[in-house]
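Worksheet: one structure, shown below.
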Amino acid sequence: MEGKLIWWSPSPSWLMLSTLCLLLCAAQLQTSSATVAAAGTVPIPAGNVVPSAGVKLTSGKDEAMIDNGIIQLTLTNPGGFVRALKYQGVENVLETHEPDDFGGYFDVSWDHPGGEGKTEQVVGTKFTVITETEDQVELSFSSSWAASPKDLVPLNVDKRFIVQKGVSGFYWYVIVERLKGWPDVNMDQHRMVFRPKITMFKYMAVSDEIQKMMPAYKDRETGEKLAYPEAVLLTTAIEPEFKDQVDDKYQYSMEIKDHKLKGWISDDPKIGFWVISPSEEYIAGGPNKPELTCHCGPICLAMFTSVHYSGLDMVTEYRNGEPWKKVFGPVMVYLNSIVPSNDHAALWQDAKAQMEKEVQNWPYNFVASADYLPAAKRGSVSGQLLVDDKVLSPTPKEACTAYVGLALPGTTEVAFQFDVKGYQFWTQTDPKGNFVIKNVIPGDYNLYGWVPGVVGTFKHPDLITIQPGNEVKLGPVTYKAPRNGPTLWEIGIPDRSAAEFFVPDPDPKFVNKFFVDKPNDKYRQYGLWLRYPELYPKSDLVFDIGVSNYSKDWFFAHVLREVKSGDCEPTTWQINFDLPDVCPTGNYTLQLALAGALETNTFVYVNDLNAKAPAFATERVGKDNAIARHGIHGIYWFFSACLPSNLFVKGKNSIFLRAARSGDFPFMGVMYDYIRLEAPPTQP
Ligand SMILES: *[C@@H]1O[C@H](CO)[C@@H](O)[C@H](O)[C@H]1NC(C)=O
Ligand SMILES: *[C@@H]1O[C@H](CO)[C@@H](O)[C@H](O)[C@H]1NC(C)=O
């Protein structure tokens, strides 16, 4: 694995990106050539309640057009690409440059194991009208792998579009299927891509806090590539406000649980373009996986599976003819335009209200495919999560705001983090630890969970079988948290993130001004790993228990030190502490939780850094690359290190942590979530 890192080899997602860039920039701006019937353009009030005409379908030789009097969606036929989206008198709010690029498409990055990676925009070969009434039109653009002479991703794909009466937007879902016996395949990524019109959409909004004017894609092209091609210093910029700033799509990533609404706003005319993901059930990796949202282009994504912030650990691999079927979506594309209050905040608030409505309506009752299950065909599970940690409380304590979820059965507690094949259903517990997970697709699952403030991950020992219309009542379930003895000291908060540690200011040369003065988003700045050797030029970080403060004295990422260009060495951090006594028998325990890692072994030494072998070593774990991708965490790893008492002495002791690898890049290493030293259980 060494040397072959997912983001550094020309990965399919890269190739895709660079192709896209070329196409975006080479193409002339033009409006779609789609011939469209003039639809009445009425100003749309908030909440898209509009007295409107019925839905009309017109299908021609190479396109199908659905019009509901509010929007008009033109799809290529039978390809199933979004050719044009007409709204408020604008013929196409999307950027479409045929024959190579469309305003909206579904693509898969894949390879034959050991083969060359590629990104395939899936092309439909068969057009079917599924539903056609006054109230709703649903269209299918499908392709059959076995029927194709070309070397295409071994999947049958059915792209389904739905337009409803009175709704200011459309729904899109994709069914992918491979049959038993089909060839081996690796798939890095499944997603929908939307390309709002370059000349219109300049303001991006991905959360309540992260909303801003964005540089032009052209600025990236004229800029200077930094440590990797996605990070660009904008040395020239069409809008002077962006000059000499860093742009990188990874700066705008959000956890999947916060992925429900994102989009772009045009100021002239004032229009909002939004992608709403009402559920996380079809997105791989669990609620806390960071994922891309929108970025300079303008681009807006609906991600389903990816290797972002996880690396090769999250490739969808199929071997030995294993079959698969999954429904991605529906995702809603929502358009708004509010008269007379036309500010960004009003459009965002209206889109947010729409998102909340979609979440309420989930699962939808208007989806025609039998592969998408309505509420009546789903089941649920309920229970109460308790935490057993004798040091926190003598009796099990209710797990407040814990994340609890069903995912495919796995061999480890953290298996859900890597699951790309199944559906996942997550919720958070109430203050009493109660949870109900509703609308679960029938099947066999494991129940997983984690509790903010408590180390480790919960996995219920039993297989949980969900049946249609049934609620599985688990009652109280207890998470036995890792604990061998009383706490001697701890560093950080067990919450799967390094946010509580010291995050430095960026180098003034590499700033994204938007994140300056936003303390919670400081970690999104480029190049913070380069601050470590500046802060610790000669010797590494030393942390004195009882004196040092982890908010100020514990660097958020344990990175390497570049000794000469392209040649990085391990760094070793030192934790000093006093032991008034050493328990002569028994073992001490170092609970070591990582918020992220990149191909790194963490070595633990006690008092003797020159010992022949470390007292404990993690395996080489992690491919998440979260440090370079301006993440505050990637994949969670947890280790309990057993440290025999004869390693400790009365008085001053030191534990050394070494990010034990060398490599090409200083952003390799680990991010700690939380570290705790426990005395042996027998200590009086
Ligand atoms: C640690 O530092 C932070 C940030 O300066 C501060 O808010 C906090 O009070 C300090 N904690 C202690 C225990 O001194
Ligand atoms: C300490 O750990 C070692 C190695 O895991 C184990 O063999 C031994 O039994 C432990 N000692 C006690 C007292 O638990």
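Residues are referred to by chain and number: the chain letter is A, B, ... according to the order shown in the structure tokens, the number counts from 1 in that chain, and ligands are numbered separately from 1 in the order shown.
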Pick out the residues no farther than 6 Å from ligand 1, counting only C-alpha atoms and all ligand atoms, and list them as a PyMOL selection string.
chain A and resi 549+551-552
Restricting it to C-alpha atoms, dump the selection as a PDB file, in the first residue's frame.
ATOM      1  CA  ASN A 549      -3.534  23.292  28.289  1.00  0.00           C
ATOM      2  CA  SER A 551      -6.455  24.113  23.725  1.00  0.00           C
ATOM      3  CA  LYS A 552      -3.169  25.969  23.433  1.00  0.00           C
TER       4      LYS A 552
END
Extract, using only C-alpha atoms, all DNA, RNA and protein residues at most 7 Å from stretch 378-389 of chain A, discarding same-chain residues fewer than 2 positions from it, and format them as a PyMOL selection string.
chain A and resi 373-376+391-393+395-399+433-442+466-481+483
Kindly save the residues from that selection, with N, CA and C atoms included, as a short mmCIF file (atom, residue, chain, number, x, y, z; two decimals), in the first residue's frame.
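This is the output file part.cif:
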data_model
loop_
_atom_site.label_atom_id
_atom_site.label_comp_id
_atom_site.auth_asym_id
_atom_site.auth_seq_id
_atom_site.Cartn_x
_atom_site.Cartn_y
_atom_site.Cartn_z
N LEU A 373 -38.80 1.96 -1.17
CA LEU A 373 -39.89 1.51 -0.31
C LEU A 373 -40.59 2.68 0.39
N PRO A 374 -41.91 2.74 0.28
CA PRO A 374 -42.67 3.74 1.03
C PRO A 374 -42.74 3.35 2.50
N ALA A 375 -43.25 4.26 3.34
CA ALA A 375 -43.24 4.07 4.80
C ALA A 375 -43.88 2.74 5.21
N ALA A 376 -44.97 2.37 4.56
CA ALA A 376 -45.70 1.17 4.98
C ALA A 376 -44.87 -0.10 4.82
N VAL A 391 -16.29 4.59 36.35
CA VAL A 391 -15.63 5.79 36.84
C VAL A 391 -16.54 7.01 36.66
N LEU A 392 -17.32 7.02 35.57
CA LEU A 392 -18.24 8.14 35.35
C LEU A 392 -19.44 8.04 36.29
N SER A 393 -19.89 6.81 36.53
CA SER A 393 -21.08 6.62 37.35
C SER A 393 -21.14 5.17 37.82
N THR A 395 -23.63 3.27 38.45
CA THR A 395 -24.63 2.49 37.70
C THR A 395 -24.69 3.03 36.28
N PRO A 396 -25.14 2.22 35.31
CA PRO A 396 -25.19 2.71 33.93
C PRO A 396 -26.00 4.00 33.81
N LYS A 397 -25.48 4.90 33.00
CA LYS A 397 -26.02 6.25 32.86
C LYS A 397 -26.65 6.41 31.48
N GLU A 398 -27.73 7.20 31.40
CA GLU A 398 -28.38 7.41 30.11
C GLU A 398 -27.44 8.12 29.14
N ALA A 399 -27.38 7.63 27.91
CA ALA A 399 -26.48 8.21 26.90
C ALA A 399 -27.22 9.31 26.15
N GLY A 433 -31.54 9.05 26.77
CA GLY A 433 -30.93 7.95 26.01
C GLY A 433 -31.89 7.20 25.10
N ASN A 434 -33.15 7.67 25.05
CA ASN A 434 -34.14 6.96 24.22
C ASN A 434 -33.93 7.26 22.74
N PHE A 435 -34.22 6.26 21.95
CA PHE A 435 -34.13 6.47 20.51
C PHE A 435 -35.20 5.64 19.79
N VAL A 436 -35.65 6.18 18.67
CA VAL A 436 -36.52 5.44 17.75
C VAL A 436 -35.93 5.69 16.37
N ILE A 437 -35.59 4.64 15.67
CA ILE A 437 -35.12 4.80 14.30
C ILE A 437 -36.25 4.32 13.41
N LYS A 438 -36.82 5.27 12.68
CA LYS A 438 -38.01 4.95 11.88
C LYS A 438 -37.63 4.74 10.42
N ASN A 439 -38.59 4.19 9.69
CA ASN A 439 -38.47 4.11 8.23
C ASN A 439 -37.24 3.35 7.77
N VAL A 440 -37.02 2.22 8.42
CA VAL A 440 -35.86 1.40 8.07
C VAL A 440 -36.27 0.38 7.00
N ILE A 441 -35.46 0.26 6.00
CA ILE A 441 -35.70 -0.73 4.94
C ILE A 441 -35.50 -2.13 5.55
N PRO A 442 -36.46 -3.05 5.36
CA PRO A 442 -36.35 -4.37 5.97
C PRO A 442 -35.02 -5.07 5.63
N ILE A 466 -35.18 -6.23 10.70
CA ILE A 466 -36.28 -5.27 10.53
C ILE A 466 -37.27 -5.85 9.54
N GLN A 467 -38.54 -5.81 9.93
CA GLN A 467 -39.60 -6.31 9.05
C GLN A 467 -40.58 -5.19 8.76
N PRO A 468 -41.26 -5.27 7.61
CA PRO A 468 -42.20 -4.21 7.24
C PRO A 468 -43.26 -4.00 8.31
N GLY A 469 -43.53 -2.75 8.65
CA GLY A 469 -44.61 -2.41 9.56
C GLY A 469 -44.37 -2.83 11.00
N ASN A 470 -43.17 -3.30 11.31
CA ASN A 470 -42.89 -3.81 12.65
C ASN A 470 -41.91 -2.92 13.38
N GLU A 471 -42.09 -2.80 14.71
CA GLU A 471 -41.08 -2.09 15.50
C GLU A 471 -40.34 -3.10 16.36
N VAL A 472 -39.04 -3.14 16.23
CA VAL A 472 -38.22 -3.98 17.11
C VAL A 472 -37.98 -3.17 18.38
N LYS A 473 -38.46 -3.68 19.51
CA LYS A 473 -38.29 -2.93 20.78
C LYS A 473 -37.14 -3.55 21.56
N LEU A 474 -36.02 -2.86 21.59
CA LEU A 474 -34.83 -3.41 22.25
C LEU A 474 -34.84 -3.17 23.75
N GLY A 475 -35.60 -2.16 24.20
CA GLY A 475 -35.52 -1.79 25.61
C GLY A 475 -34.15 -1.22 25.93
N PRO A 476 -33.72 -1.28 27.19
CA PRO A 476 -32.42 -0.70 27.52
C PRO A 476 -31.28 -1.55 26.96
N VAL A 477 -30.35 -0.91 26.31
CA VAL A 477 -29.14 -1.61 25.86
C VAL A 477 -27.95 -0.85 26.44
N THR A 478 -26.95 -1.60 26.87
CA THR A 478 -25.86 -0.96 27.61
C THR A 478 -24.57 -1.02 26.81
N TYR A 479 -23.96 0.14 26.69
CA TYR A 479 -22.64 0.23 26.07
C TYR A 479 -21.60 0.16 27.17
N LYS A 480 -20.82 -0.92 27.17
CA LYS A 480 -19.77 -1.04 28.16
C LYS A 480 -18.55 -0.31 27.62
N ALA A 481 -18.35 0.90 28.11
CA ALA A 481 -17.28 1.74 27.57
C ALA A 481 -15.92 1.18 27.99
N ARG A 483 -12.76 0.72 29.76
CA ARG A 483 -12.33 1.25 31.06
C ARG A 483 -11.64 0.14 31.84
#
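Between ligand 2 and the candidates A:Gly485, A:Tyr423, A:Asp267, A:Gly80, the tightest atom-to-atom separation, counting only C-alpha atoms and all ligand atoms, involves A:Gly485.
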Atom CA of A:Ile464 to atom CA of A:Lys421, distance in Å rounded to a single decimal
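Distance reported for this atom pair: 17.5 Å.
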Distance filter 6 Å around ligand 2, atoms: only C-alpha atoms and all ligand atoms, out as a list in words
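Written in the requested form, the residues are Thr585, Gly586, Asn587 and Pro644 of chain A.
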